[in-house]
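Participant: Below is a structure I'd like to ask you about.
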Number of protein chains: 6
Amino acid sequence: MTIHILNPNSLVQVTDGITRAVAPIAAASPVPIMCHTLAVGPPGIETQAHVDGVVTPLLAQAKALETSASAFVIACFSDPGLAALREQSRVPVLGIAESAVLTAMTMGQRFGIISILSKSIPRHMRYLGAMGVLDRLAGDLPLELGVQALADEDRTFARLVEVGTALRDTRGAEVLILGCAGMTAFRARLEIELNIKVVEPCQAAAAMAVGRVALARAQ
Amino acid sequence: MTIHILNPNSLVQVTDGITRAVAPIAAASPVPIMCHTLAVGPPGIETQAHVDGVVTPLLAQAKALETSASAFVIACFSDPGLAALREQSRVPVLGIAESAVLTAMTMGQRFGIISILSKSIPRHMRYLGAMGVLDRLAGDLPLELGVQALADEDRTFARLVEVGTALRDTRGAEVLILGCAGMTAFRARLEIELNIKVVEPCQAAAAMAVGRVALARAQ
Amino acid sequence: MTIHILNPNSLVQVTDGITRAVAPIAAASPVPIMCHTLAVGPPGIETQAHVDGVVTPLLAQAKALETSASAFVIACFSDPGLAALREQSRVPVLGIAESAVLTAMTMGQRFGIISILSKSIPRHMRYLGAMGVLDRLAGDLPLELGVQALADEDRTFARLVEVGTALRDTRGAEVLILGCAGMTAFRARLEIELNIKVVEPCQAAAAMAVGRVALARAQ
Amino acid sequence: MTIHILNPNSLVQVTDGITRAVAPIAAASPVPIMCHTLAVGPPGIETQAHVDGVVTPLLAQAKALETSASAFVIACFSDPGLAALREQSRVPVLGIAESAVLTAMTMGQRFGIISILSKSIPRHMRYLGAMGVLDRLAGDLPLELGVQALADEDRTFARLVEVGTALRDTRGAEVLILGCAGMTAFRARLEIELNIKVVEPCQAAAAMAVGRVALARAQ
Amino acid sequence: MTIHILNPNSLVQVTDGITRAVAPIAAASPVPIMCHTLAVGPPGIETQAHVDGVVTPLLAQAKALETSASAFVIACFSDPGLAALREQSRVPVLGIAESAVLTAMTMGQRFGIISILSKSIPRHMRYLGAMGVLDRLAGDLPLELGVQALADEDRTFARLVEVGTALRDTRGAEVLILGCAGMTAFRARLEIELNIKVVEPCQAAAAMAVGRVALARAQ
Amino acid sequence: MTIHILNPNSLVQVTDGITRAVAPIAAASPVPIMCHTLAVGPPGIETQAHVDGVVTPLLAQAKALETSASAFVIACFSDPGLAALREQSRVPVLGIAESAVLTAMTMGQRFGIISILSKSIPRHMRYLGAMGVLDRLAGDLPLELGVQALADEDRTFARLVEVGTALRDTRGAEVLILGCAGMTAFRARLEIELNIKVVEPCQAAAAMAVGRVALARAQ
């Protein structure tokens with residue numbers, strides 16, 4: 001049995017980044033963790049059309065993995081197909097955004113989200129409203145860096161520090177969430193730099209999945 | 001130019017019901033109103049997988065109609081693809097659930113929703129949370145009648161009266177919303193029977209679209 | 001039959017501005033739109049005493065127009081008498097603040113309000129709380145320009161740009177609402193300048209009224 | 001200096017009931033408490049038109065009393081003119097509904113409201129929304145007894161017990177608020193009968209006013 | 001290193017019940033799980049004085065365990081000392097109420113809570129308000145069985161079914177939470193009986209702690 | 001009979017400051033007001049452990065005063081033991097934070113809180129969430145001055161002006177609350193300097209207690 005992490009975009013390097021990020025968690029898991037790329041997905045989930053469009057192939061991919069699944073993690077910060085996969089699967093299904101938020105809620109009273117682009121913020125707001133947790137949000141601020149620009153690590157880190165500082169000092173965030181599956185490499189450094197808890201959502205979801213696999217043994 | 005109403009399920013009789021429901025509104029509209037069936041859609045939107053799955057073909061259908069569109073209405077109470085079509089189109093896009101809720105908010109302080117099945121209620125709750133209007137909700141109660149069972153008009157109407165009465169008298173609803181595009185025929189009768197405003201969501205959205213087409217002339 | 005727009009202040013030039021603003025909407029309406037001045041109203045609604053004080057004469061004016069009314073619009077951003085006129089009249093009654101908010105809710109996840117003076121903001125907050133839509137508010141910021149100062153168009157527009165920019169960039173507004181019936185002339189220019197949707201409340205309400213007149217034909 | 005309690009309806013017997021209800025409070029007050037009838041008010045505040053309509057004469061009455069006022073209390077559960085009188089007066093102004101709610105918030109986590117008629121409940125919901133305290137509301141249920149029917153004390157008390165029991169046992173209210181200035185006589189009996197705190201709003205407001213007069217000495 | 005579960009009451013049999021409940025989870029945990037009784041605690045946490053009173057000894061107990069701790073779980077549904085222990089400890093600290101709620105939020109849109117006594121419900125309401133998740137609450141209903149009465153298993157299960165059915169069918173709960181650490185033995189049976197997910201809070205917290213221990217390896 | 005104000009820290013000079021602050025209120029009270037120091041309390045309530053830790057001795061102190069008590073006031077802005085003392089005592093119990101907030105809610109639509117240190121803000125946020133009044137909060141900003149630093153009056157006042165100005169002008173606060181029992185001396189000066197209502201929480205609670213003692217005479 002396996003915890004399957006589904007990256008709904010087609011970029012293998014993103015999947016590889018997730019694999020690296022969750023490797024230490026996998027080492028503590030009672031079951032293996034395996035990361036998958038959605039070959040037919042877009043190279044990045046940037047629009048609501050992308051979010052909605054990946055659901056059908058994602059559900060098909062998950063169906064093929066169902067018999068070997070202890071749990072599923074959907075590894076895109078828009079949690080595409082989360083409700084649908086919960087209806088389809090008999091095992092726990094976690095989304096990285098939901099997991100990051102729930103984890104952050106145990107680390108501080110108000111969390112801040114660092115988004116890549118401002119155009120994803122309304123999508124986040126709708127989602128946090130659906131989750132019913134807007135009272136816990138300190139703020140959601142954008143890097144205004146596209147996916148490709150993220151490859152420039154120095155510039156990205158500088159912006160992460162800048163935006164994270166604003167969330168911490170101006171908006172009152174006690175804990176930060178990296179609002180994208182593509183920033184796994186920066187978590188630890190940012191946490192040290194800002195002296196504030198930083199949640200990387202793929203790790204948060206993988207960890208919750210490990211817990212849920214353990215919980216399932218009790219049920 | 002035309003107001004295009006998109007029924008994202010494949011049932012022509014549902015589309016026909018919508019056409020009949022909005023005919024009086026079309027007569028008062030500055031542009032024609034045309035209803036479309038999504039041939040590749042499921043026969044009914046019953047699961048979250050259906051909701052998410054129709055978005056891609058719906059967007060394609062809308063793209064083909066874009067040049068002739070004054071406005072779009074998505075005619076399913078889960079408002080599938082609403083955010084995505086808003087990103088894609090240059091004209092106003094309305095969903096029947098959102099329009100019904102916004103219309104009801106001008107008719108009473110708290111609205112009740114009559115759902116077909118209890119399993120759609122969590123979907124509604126997520127959506128009303130995303131809309132940020134849960135404080136206006138009196139309650140959402142199910143008929144527990146499947147789409148086929150709706151065809152039995154006497155039984156359906158009896159349940160509508162029963163559930164509507166509960167929402168009005170026990171939950172404090174001042175206005176009711178029919179939580180499905182397939183109950184157009186019952187609105188007027190139910191309003192008279194219960195002596196309370198009843199909003200049929202396809203009509204509410206078509207009417208808002210007429211207003212938005214007029215508004216566009218000022219902009 | 002007519003859509004009656006009631007300006008509850010006594011300034012004919014404000015009524016004239018509204019008439020100009022809704023003229024393109026009137027051209028698309030199935031019934032005429034007529035704007036009225038409340039001769040006994042104050043020259044401007046600036047205090048809560050003004051808001052409450054105009055209700056009785058406004059209700060009298062509406063009663064005199066009832067037999068010719070398809071719908072009423074109350075054209076002051078405090079929506080004075082909205083609940084009372086809804087209790088009195090048999091036709092749809094819309095307020096420009098409520099209509100602007102509901103319209104903005106279909107254009108973006110969070111709306112910003114540009115108020116004339118900071119002293120009107122607590123009134124807006126009470127009203128948005130009563131509407132139950134505070135989770136959708138990005139912010140409400142004042143021009144700090146009195147009614148007379150609004151006559152200086154260059155200065156007013158400069159402040160509109162300044163405040164609108166703050167709402168868009170600092171508060172995360174996706175759509176802006178002009179929080180006063182006296183700024184009709186600036187909408188289009190501001191929308192272009194800021195590259196963000198701008199809702200003029202008299203137009204929003206007139207457009208919703210057109211829709212409601214169409215809806216009434218189906219009911 | 002005096003705490004002026006303004007009954008905005010014209011019924012002297014209601015004013016007399018308030019006078020009796022606050023007499024023990026007056027005995028503990030550093031300043032006298034005087035109750036006034038609004039001669040030009042309606043015999044009862046039953047509609048939103050009544051609520052809005054009494055504001056102008058109420059403000060005039062308060063202005064005449066201003067120089068002798070330590071504080072004002074508006075003694076109608078719709079708190080007509082509360083915001084307006086706060087803008088007009090230099091002394092503390094309290095409404096009986098607001099005071100009852102704030103007092104109840106110190107007596108239990110969720111309060112229930114007993115309304116006279118169901119048609120006043122939407123007005124209460126708007127007001128509690130404006131106050132931002134809906135999360136503390138257990139429920140608001142009507143007696144469905146008109147003002148005249150209240151005169152039948154046995155029947156009224158029986159309904160108070162019935163509705164209060166429902167709020168306590170079904171809705172989870174820990175404390176009850178009598179939602180009308182005309183039920184002063186029943187508070188103590190109801191509290192004993194239901195074994196739950198019962199707040200009479202005129203008393204709650206008079207008591208808060210006594211506190212505010214004391215507070216003013218420190219400021 | 002160990003996950004320490006702290007039962008803040010003095011009843012060893014409650015601690016034993018927790019040990020049994022989390023045994024299957026311990027088997028899947030990368031570190032041992034050990035349950036502790038607070039010898040100086042009261043025999044049951046029944047009042048707010050109990051909740052507050054156990055914090056100081058609980059913090060002392062946790063301090064003594066700190067060097068061997070991978071994580072702490074506070075095993076009382078009032079989560080006594082949760083915020084304080086988070087300030088004191090360098091490892092993850094989880095409360096069983098918070099963990100149960102966060103877990104339930106991934107299992108259904110609205111959760112119901114089954115409380116032992118109605119007098120604990122206001123405490124829960126304050127806590128859910130502090131967590132900012134009241135929009136996700138379907139209802140909180142009491143068994144009205146004291147701790148000793150819980151020992152009668154048949155009667156307790158009958159009440160659990162009764163109250164659980166009410167939460168599911170009348171309040172719209174999709175998932176239930178057992179609102180006390182002393183009902184561990186009933187979870188599985190109740191889930192089968194009601195055909196709805198049931199969360200036992202000690203298990204939920206232990207599982208989350210397992211995940212957090214795994215997460216810590218990545219950080 | 002006496003209103004007992006309980007300072008749960010051990011600093012007599014803080015108790016003396018409270019005594020001075022409430023002296024004018026005591027002069028208008030029907031019963032004496034007496035301030036007490038909790039000898040076994042910490043020199044300042046700075047951590048959650050302090051908040052929880054003082055409850056047991058505070059309850060003991062209150063029990064000893066019960067027979068002479070007309071009301072209790074807990075004089076620490078974290079309101080330690082408020083719920084517990086309400087369960088224990090037969091007389092009204094008020095906390096200074098709760099009272100300050102409820103009083104501020106009658107003075108403006110949105111209140112700002114001036115905290116000593118940023119680390120107390122999450123505690124305030126939890127509390128305001130439990131009170132259900134977050135929609136009324138404009139903001140909570142820290143002086144970042146420790147208890148000792150407060151002794152430097154000039155520096156403290158300068159920071160109070162700075163932070164208060166930010167809350168008023170940037171966050172939209174209409175009324176300010178001093179978020180600590182140790183700033184009694186600055187209220188009047190700050191109110192004049194900022195031209196905005198400033199609530200000192202010990203005074204607010206003492207005044208509410210005076211009102212409640214008066215109310216008790218009616219009950």
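Letters A, B, ... mark the chains of the structure tokens in the order given; residue numbers begin at 1 per chain; ligand numbers begin at 1, in order shown.
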Per residue of chain D within 9 Å of chain F, what are the shortest atom pair and its distance in Å to one decimal, counting only C-alpha atoms, with rows by chain and residue number, as CSV?
Facilitator:
```
residue,atom,partner,partner_atom,distance
D:Ala21,CA,F:Ala218,CA,7.3
D:Val22,CA,F:Ala218,CA,7.1
D:Ala23,CA,F:Ala218,CA,7.7
D:Pro24,CA,F:Ala218,CA,5.1
D:Ile25,CA,F:Ala214,CA,4.9
D:Ala26,CA,F:Ala214,CA,7.8
D:Ala27,CA,F:Ala214,CA,7.9
D:Ala28,CA,F:Ala214,CA,5.3
D:Ser29,CA,F:Ala214,CA,7.0
D:Pro30,CA,F:Ala28,CA,5.6
D:Val31,CA,F:Ala28,CA,9.0
D:Arg86,CA,F:Met107,CA,8.4
D:Pro92,CA,F:Met107,CA,8.3
D:Val93,CA,F:Thr106,CA,8.1
D:Leu94,CA,F:Thr106,CA,7.3
D:Glu98,CA,F:Thr106,CA,8.0
D:Ser99,CA,F:Thr106,CA,8.6
D:Leu102,CA,F:Leu102,CA,6.2
D:Thr103,CA,F:Leu102,CA,8.6
D:Met105,CA,F:Met131,CA,8.1
D:Thr106,CA,F:Leu94,CA,7.3
D:Met107,CA,F:Pro92,CA,8.3
D:Gln109,CA,F:Met131,CA,8.0
D:Ala130,CA,F:Gln109,CA,8.9
D:Met131,CA,F:Arg136,CA,7.8
D:Gly132,CA,F:Asp135,CA,5.7
D:Val133,CA,F:Val133,CA,6.0
D:Leu134,CA,F:Gly132,CA,7.8
D:Asp135,CA,F:Gly132,CA,5.7
D:Arg136,CA,F:Gly132,CA,6.4
D:Arg187,CA,F:Gln219,CA,8.4
D:Ala188,CA,F:Gln219,CA,6.5
D:Gln203,CA,F:Leu215,CA,6.7
D:Ala204,CA,F:Leu215,CA,6.9
D:Ala206,CA,F:Gly211,CA,8.0
D:Ala207,CA,F:Gly211,CA,4.3
D:Met208,CA,F:Gly211,CA,5.1
D:Ala209,CA,F:Gly211,CA,7.1
D:Val210,CA,F:Gly211,CA,5.3
D:Gly211,CA,F:Gly211,CA,4.3
D:Arg212,CA,F:Ala207,CA,6.2
D:Val213,CA,F:Ala28,CA,8.1
D:Ala214,CA,F:Ile25,CA,4.9
D:Leu215,CA,F:Ala207,CA,5.3
D:Ala216,CA,F:Ile25,CA,8.1
D:Arg217,CA,F:Pro24,CA,5.6
D:Ala218,CA,F:Pro24,CA,5.1
D:Gln219,CA,F:Ala188,CA,6.5
```
Participant: Would you save the residues of that selection, restricted to N, CA and C atoms, as a short mmCIF file (atom, residue, chain, number, x, y, z; two decimals), in the first residue's frame?
Facilitator:
```cif
data_model
loop_
_atom_site.label_atom_id
_atom_site.label_comp_id
_atom_site.auth_asym_id
_atom_site.auth_seq_id
_atom_site.Cartn_x
_atom_site.Cartn_y
_atom_site.Cartn_z
N ALA D 21 -40.41 49.33 35.52
CA ALA D 21 -39.34 48.33 35.36
C ALA D 21 -37.99 48.88 35.80
N VAL D 22 -37.76 50.17 35.58
CA VAL D 22 -36.44 50.73 35.89
C VAL D 22 -36.40 51.40 37.26
N ALA D 23 -37.51 51.40 37.97
CA ALA D 23 -37.55 52.08 39.28
C ALA D 23 -36.46 51.57 40.23
N PRO D 24 -36.25 50.25 40.35
CA PRO D 24 -35.20 49.80 41.26
C PRO D 24 -33.81 50.24 40.80
N ILE D 25 -33.65 50.35 39.51
CA ILE D 25 -32.36 50.80 38.97
C ILE D 25 -32.18 52.28 39.28
N ALA D 26 -33.24 53.03 39.11
CA ALA D 26 -33.18 54.46 39.41
C ALA D 26 -32.76 54.69 40.85
N ALA D 27 -33.22 53.81 41.73
CA ALA D 27 -32.89 53.97 43.15
C ALA D 27 -31.39 53.82 43.41
N ALA D 28 -30.70 53.14 42.51
CA ALA D 28 -29.25 52.93 42.67
C ALA D 28 -28.45 53.84 41.76
N SER D 29 -29.10 54.77 41.11
CA SER D 29 -28.42 55.62 40.12
C SER D 29 -27.95 56.92 40.75
N PRO D 30 -26.80 57.40 40.34
CA PRO D 30 -26.32 58.69 40.88
C PRO D 30 -27.12 59.88 40.36
N VAL D 31 -27.90 59.65 39.30
CA VAL D 31 -28.74 60.73 38.75
C VAL D 31 -30.15 60.18 38.57
N ARG D 86 -26.57 59.37 18.40
CA ARG D 86 -25.15 59.39 18.78
C ARG D 86 -24.38 60.48 18.04
N PRO D 92 -23.60 59.89 26.42
CA PRO D 92 -23.79 58.50 25.98
C PRO D 92 -25.24 58.24 25.55
N VAL D 93 -25.38 57.49 24.47
CA VAL D 93 -26.71 57.12 23.97
C VAL D 93 -26.74 55.61 23.85
N LEU D 94 -27.75 55.01 24.46
CA LEU D 94 -27.87 53.56 24.42
C LEU D 94 -29.22 53.16 23.85
N GLU D 98 -29.50 46.90 21.64
CA GLU D 98 -28.04 46.78 21.75
C GLU D 98 -27.62 46.48 23.18
N SER D 99 -28.19 47.19 24.13
CA SER D 99 -27.82 46.98 25.53
C SER D 99 -28.20 45.59 26.01
N LEU D 102 -25.63 43.16 24.50
CA LEU D 102 -24.31 43.26 25.13
C LEU D 102 -24.35 42.71 26.56
N THR D 103 -25.44 42.97 27.25
CA THR D 103 -25.58 42.43 28.60
C THR D 103 -25.68 40.90 28.56
N MET D 105 -24.48 38.97 26.45
CA MET D 105 -23.18 38.40 26.07
C MET D 105 -22.27 38.17 27.28
N THR D 106 -22.59 38.81 28.40
CA THR D 106 -21.82 38.56 29.63
C THR D 106 -22.47 37.50 30.51
N MET D 107 -23.62 37.02 30.08
CA MET D 107 -24.37 36.05 30.91
C MET D 107 -24.40 34.64 30.33
N GLN D 109 -23.05 32.15 26.52
CA GLN D 109 -22.35 32.19 25.24
C GLN D 109 -23.33 32.45 24.09
N ALA D 130 -25.52 43.89 11.63
CA ALA D 130 -24.84 45.18 11.71
C ALA D 130 -23.99 45.27 12.98
N MET D 131 -24.48 44.67 14.06
CA MET D 131 -23.71 44.63 15.31
C MET D 131 -22.56 43.63 15.23
N GLY D 132 -22.63 42.72 14.28
CA GLY D 132 -21.55 41.73 14.13
C GLY D 132 -21.56 40.65 15.19
N VAL D 133 -22.74 40.31 15.71
CA VAL D 133 -22.79 39.35 16.83
C VAL D 133 -23.64 38.11 16.52
N LEU D 134 -23.85 37.84 15.24
CA LEU D 134 -24.72 36.71 14.88
C LEU D 134 -24.19 35.37 15.39
N ASP D 135 -22.88 35.26 15.56
CA ASP D 135 -22.34 33.98 16.07
C ASP D 135 -22.77 33.70 17.50
N ARG D 136 -23.25 34.70 18.17
CA ARG D 136 -23.68 34.51 19.57
C ARG D 136 -25.19 34.23 19.65
N ARG D 187 -40.46 39.46 33.14
CA ARG D 187 -39.08 39.00 33.25
C ARG D 187 -38.82 38.08 34.43
N ALA D 188 -39.11 38.57 35.62
CA ALA D 188 -38.75 37.82 36.82
C ALA D 188 -39.43 36.46 36.86
N GLN D 203 -34.48 47.53 31.26
CA GLN D 203 -33.65 47.45 32.46
C GLN D 203 -32.17 47.34 32.11
N ALA D 204 -31.86 46.51 31.14
CA ALA D 204 -30.46 46.34 30.74
C ALA D 204 -29.87 47.67 30.29
N ALA D 206 -31.04 50.77 30.99
CA ALA D 206 -30.98 51.72 32.10
C ALA D 206 -29.76 51.44 32.97
N ALA D 207 -29.50 50.16 33.20
CA ALA D 207 -28.34 49.78 34.02
C ALA D 207 -27.04 50.17 33.33
N MET D 208 -26.96 49.91 32.03
CA MET D 208 -25.75 50.34 31.32
C MET D 208 -25.61 51.85 31.36
N ALA D 209 -26.72 52.55 31.29
CA ALA D 209 -26.66 54.02 31.34
C ALA D 209 -26.15 54.49 32.70
N VAL D 210 -26.59 53.84 33.76
CA VAL D 210 -26.07 54.18 35.10
C VAL D 210 -24.55 54.01 35.10
N GLY D 211 -24.10 52.89 34.54
CA GLY D 211 -22.66 52.66 34.46
C GLY D 211 -21.96 53.75 33.65
N ARG D 212 -22.58 54.12 32.54
CA ARG D 212 -21.93 55.12 31.69
C ARG D 212 -21.90 56.50 32.32
N VAL D 213 -22.90 56.80 33.11
CA VAL D 213 -22.87 58.08 33.83
C VAL D 213 -21.71 58.06 34.83
N ALA D 214 -21.54 56.90 35.48
CA ALA D 214 -20.39 56.77 36.39
C ALA D 214 -19.09 56.86 35.62
N LEU D 215 -19.03 56.21 34.47
CA LEU D 215 -17.81 56.22 33.66
C LEU D 215 -17.45 57.65 33.24
N ALA D 216 -18.48 58.43 32.92
CA ALA D 216 -18.24 59.79 32.44
C ALA D 216 -17.51 60.63 33.50
N ARG D 217 -17.73 60.30 34.75
CA ARG D 217 -17.04 61.05 35.81
C ARG D 217 -15.54 60.81 35.78
N ALA D 218 -15.15 59.72 35.18
CA ALA D 218 -13.73 59.39 35.11
C ALA D 218 -13.12 59.93 33.83
N GLN D 219 -13.91 60.64 33.05
CA GLN D 219 -13.39 60.99 31.72
C GLN D 219 -13.48 62.47 31.40
#
```
Participant: For Arg90 in chain A, list every protein, DNA or RNA residue within 12 Å, evaluated using only C-alpha atoms, and leave out those in the same chain fewer than 4 positions away; present the list as a list in words.
Facilitator: Ala62, Lys63, Leu65, Glu66, Thr67, Ser68, Ala69, Ser70, Ala71, Phe72, Ala84, Leu85, Arg86 and Ala216 of chain A; Met107 of chain E
Participant: Okay, now the selection with C-alpha atoms, as a compact mmCIF listing (two decimals), in the first residue's frame?
Facilitator:
```txt
# COMPACT_ATOMS: atom_id res chain seq x y z
CA ALA A 62 -6.41 8.02 -9.12
CA LYS A 63 -8.83 5.30 -10.12
CA LEU A 65 -4.04 3.69 -8.41
CA GLU A 66 -6.93 3.02 -6.05
CA THR A 67 -6.20 -0.60 -5.24
CA SER A 68 -2.68 0.26 -4.13
CA ALA A 69 -3.62 3.46 -2.30
CA SER A 70 -3.44 4.05 1.42
CA ALA A 71 -4.16 7.72 0.79
CA PHE A 72 -4.04 10.32 -1.96
CA ALA A 84 -14.48 14.86 -6.46
CA LEU A 85 -11.74 12.44 -5.50
CA ARG A 86 -13.19 12.22 -1.99
CA ALA A 216 -6.97 4.10 9.42
CA MET E 107 -14.11 14.38 6.08
```
Participant: Could you pull out the strand (DSSP E or B) residues of range 38-214 of chain E, going by DSSP on the backbone, and write them as a PyMOL selection string?
Facilitator: chain E and resi 69-74+93-95+111-115+137-142+175-178+197-199
Participant: Got time to write the residues from that selection, N, CA and C atoms, as an mmCIF file, in the first residue's frame?
Facilitator:
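Now in part-v2.cif:
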```
data_model
loop_
_atom_site.group_PDB
_atom_site.id
_atom_site.type_symbol
_atom_site.label_atom_id
_atom_site.label_comp_id
_atom_site.auth_asym_id
_atom_site.auth_seq_id
_atom_site.Cartn_x
_atom_site.Cartn_y
_atom_site.Cartn_z
ATOM 1 N N ALA E 69 10.483 14.178 24.363
ATOM 2 C CA ALA E 69 9.241 14.352 23.600
ATOM 3 C C ALA E 69 9.488 14.630 22.122
ATOM 4 N N SER E 70 8.801 13.863 21.280
ATOM 5 C CA SER E 70 8.696 14.200 19.860
ATOM 6 C C SER E 70 7.509 15.115 19.636
ATOM 7 N N ALA E 71 6.500 14.900 20.453
ATOM 8 C CA ALA E 71 5.279 15.699 20.364
ATOM 9 C C ALA E 71 4.479 15.465 21.633
ATOM 10 N N PHE E 72 3.585 16.419 21.918
ATOM 11 C CA PHE E 72 2.658 16.254 23.038
ATOM 12 C C PHE E 72 1.224 16.268 22.515
ATOM 13 N N VAL E 73 0.392 15.467 23.170
ATOM 14 C CA VAL E 73 -1.048 15.519 22.925
ATOM 15 C C VAL E 73 -1.720 15.747 24.271
ATOM 16 N N ILE E 74 -2.606 16.744 24.332
ATOM 17 C CA ILE E 74 -3.381 16.981 25.558
ATOM 18 C C ILE E 74 -4.738 16.313 25.364
ATOM 19 N N VAL E 93 2.634 20.473 19.675
ATOM 20 C CA VAL E 93 1.667 20.220 20.740
ATOM 21 C C VAL E 93 0.283 20.218 20.104
ATOM 22 N N LEU E 94 -0.459 19.158 20.348
ATOM 23 C CA LEU E 94 -1.790 19.048 19.774
ATOM 24 C C LEU E 94 -2.807 18.827 20.880
ATOM 25 N N GLY E 95 -3.998 19.364 20.678
ATOM 26 C CA GLY E 95 -5.106 19.120 21.593
ATOM 27 C C GLY E 95 -6.092 18.199 20.909
ATOM 28 N N PHE E 111 -19.528 19.374 10.593
ATOM 29 C CA PHE E 111 -19.363 18.346 11.615
ATOM 30 C C PHE E 111 -20.332 18.581 12.769
ATOM 31 N N GLY E 112 -20.733 17.492 13.396
ATOM 32 C CA GLY E 112 -21.546 17.559 14.602
ATOM 33 C C GLY E 112 -20.719 17.089 15.780
ATOM 34 N N ILE E 113 -21.001 17.639 16.946
ATOM 35 C CA ILE E 113 -20.304 17.235 18.167
ATOM 36 C C ILE E 113 -21.314 16.610 19.120
ATOM 37 N N ILE E 114 -20.945 15.458 19.656
ATOM 38 C CA ILE E 114 -21.765 14.824 20.690
ATOM 39 C C ILE E 114 -21.101 15.096 22.037
ATOM 40 N N SER E 115 -21.740 15.938 22.836
ATOM 41 C CA SER E 115 -21.200 16.293 24.147
ATOM 42 C C SER E 115 -21.813 15.412 25.226
ATOM 43 N N LEU E 137 -19.667 24.097 11.783
ATOM 44 C CA LEU E 137 -20.384 23.342 12.816
ATOM 45 C C LEU E 137 -21.836 23.115 12.404
ATOM 46 N N ALA E 138 -22.244 21.847 12.384
ATOM 47 C CA ALA E 138 -23.662 21.548 12.141
ATOM 48 C C ALA E 138 -24.457 21.690 13.430
ATOM 49 N N GLY E 139 -23.876 21.252 14.535
ATOM 50 C CA GLY E 139 -24.561 21.333 15.815
ATOM 51 C C GLY E 139 -23.753 20.629 16.882
ATOM 52 N N ASP E 140 -24.081 20.921 18.115
ATOM 53 C CA ASP E 140 -23.427 20.308 19.274
ATOM 54 C C ASP E 140 -24.561 19.941 20.224
ATOM 55 N N LEU E 141 -24.783 18.674 20.386
ATOM 56 C CA LEU E 141 -25.918 18.217 21.192
ATOM 57 C C LEU E 141 -25.423 17.313 22.313
ATOM 58 N N PRO E 142 -26.090 17.370 23.456
ATOM 59 C CA PRO E 142 -25.615 16.611 24.624
ATOM 60 C C PRO E 142 -26.284 15.253 24.772
ATOM 61 N N VAL E 175 -20.183 14.427 9.379
ATOM 62 C CA VAL E 175 -19.201 13.706 10.171
ATOM 63 C C VAL E 175 -19.456 14.060 11.629
ATOM 64 N N LEU E 176 -19.241 13.101 12.510
ATOM 65 C CA LEU E 176 -19.489 13.334 13.934
ATOM 66 C C LEU E 176 -18.183 13.297 14.715
ATOM 67 N N ILE E 177 -18.139 14.072 15.784
ATOM 68 C CA ILE E 177 -17.000 14.082 16.700
ATOM 69 C C ILE E 177 -17.502 13.678 18.084
ATOM 70 N N LEU E 178 -16.825 12.744 18.698
ATOM 71 C CA LEU E 178 -17.149 12.363 20.074
ATOM 72 C C LEU E 178 -16.519 13.393 21.007
ATOM 73 N N LYS E 197 -19.077 9.026 9.053
ATOM 74 C CA LYS E 197 -17.759 9.062 9.681
ATOM 75 C C LYS E 197 -17.888 9.537 11.127
ATOM 76 N N VAL E 198 -17.188 8.890 12.029
ATOM 77 C CA VAL E 198 -17.156 9.303 13.433
ATOM 78 C C VAL E 198 -15.692 9.459 13.843
ATOM 79 N N VAL E 199 -15.357 10.622 14.376
ATOM 80 C CA VAL E 199 -13.995 10.916 14.788
ATOM 81 C C VAL E 199 -13.871 10.766 16.303
#
```
Participant: One number please: CA of Ser78 in chain A to CA of Ile196 in chain A, in Å, one decimal.
Facilitator: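 According to the coordinates, CA of Ser78 in chain A and CA of Ile196 in chain A are separated by 24.0 Å.
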Participant: What's around range 1-13 of chain F at 7 Å? Count only C-alpha atoms, leave out sequence neighbours fewer than 2 positions away in its own chain, and write the answer as a PyMOL selection string.
Facilitator: chain F and resi 15-17+31-45+54+58+68-76
Participant: Can you list, as number ranges by chain, all residues belonging to range 98-177 of chain C that DSSP tags as helix (DSSP H, G or I)?
Facilitator: C: 98-104, 118-131, 134-136, 149-151, 153-169
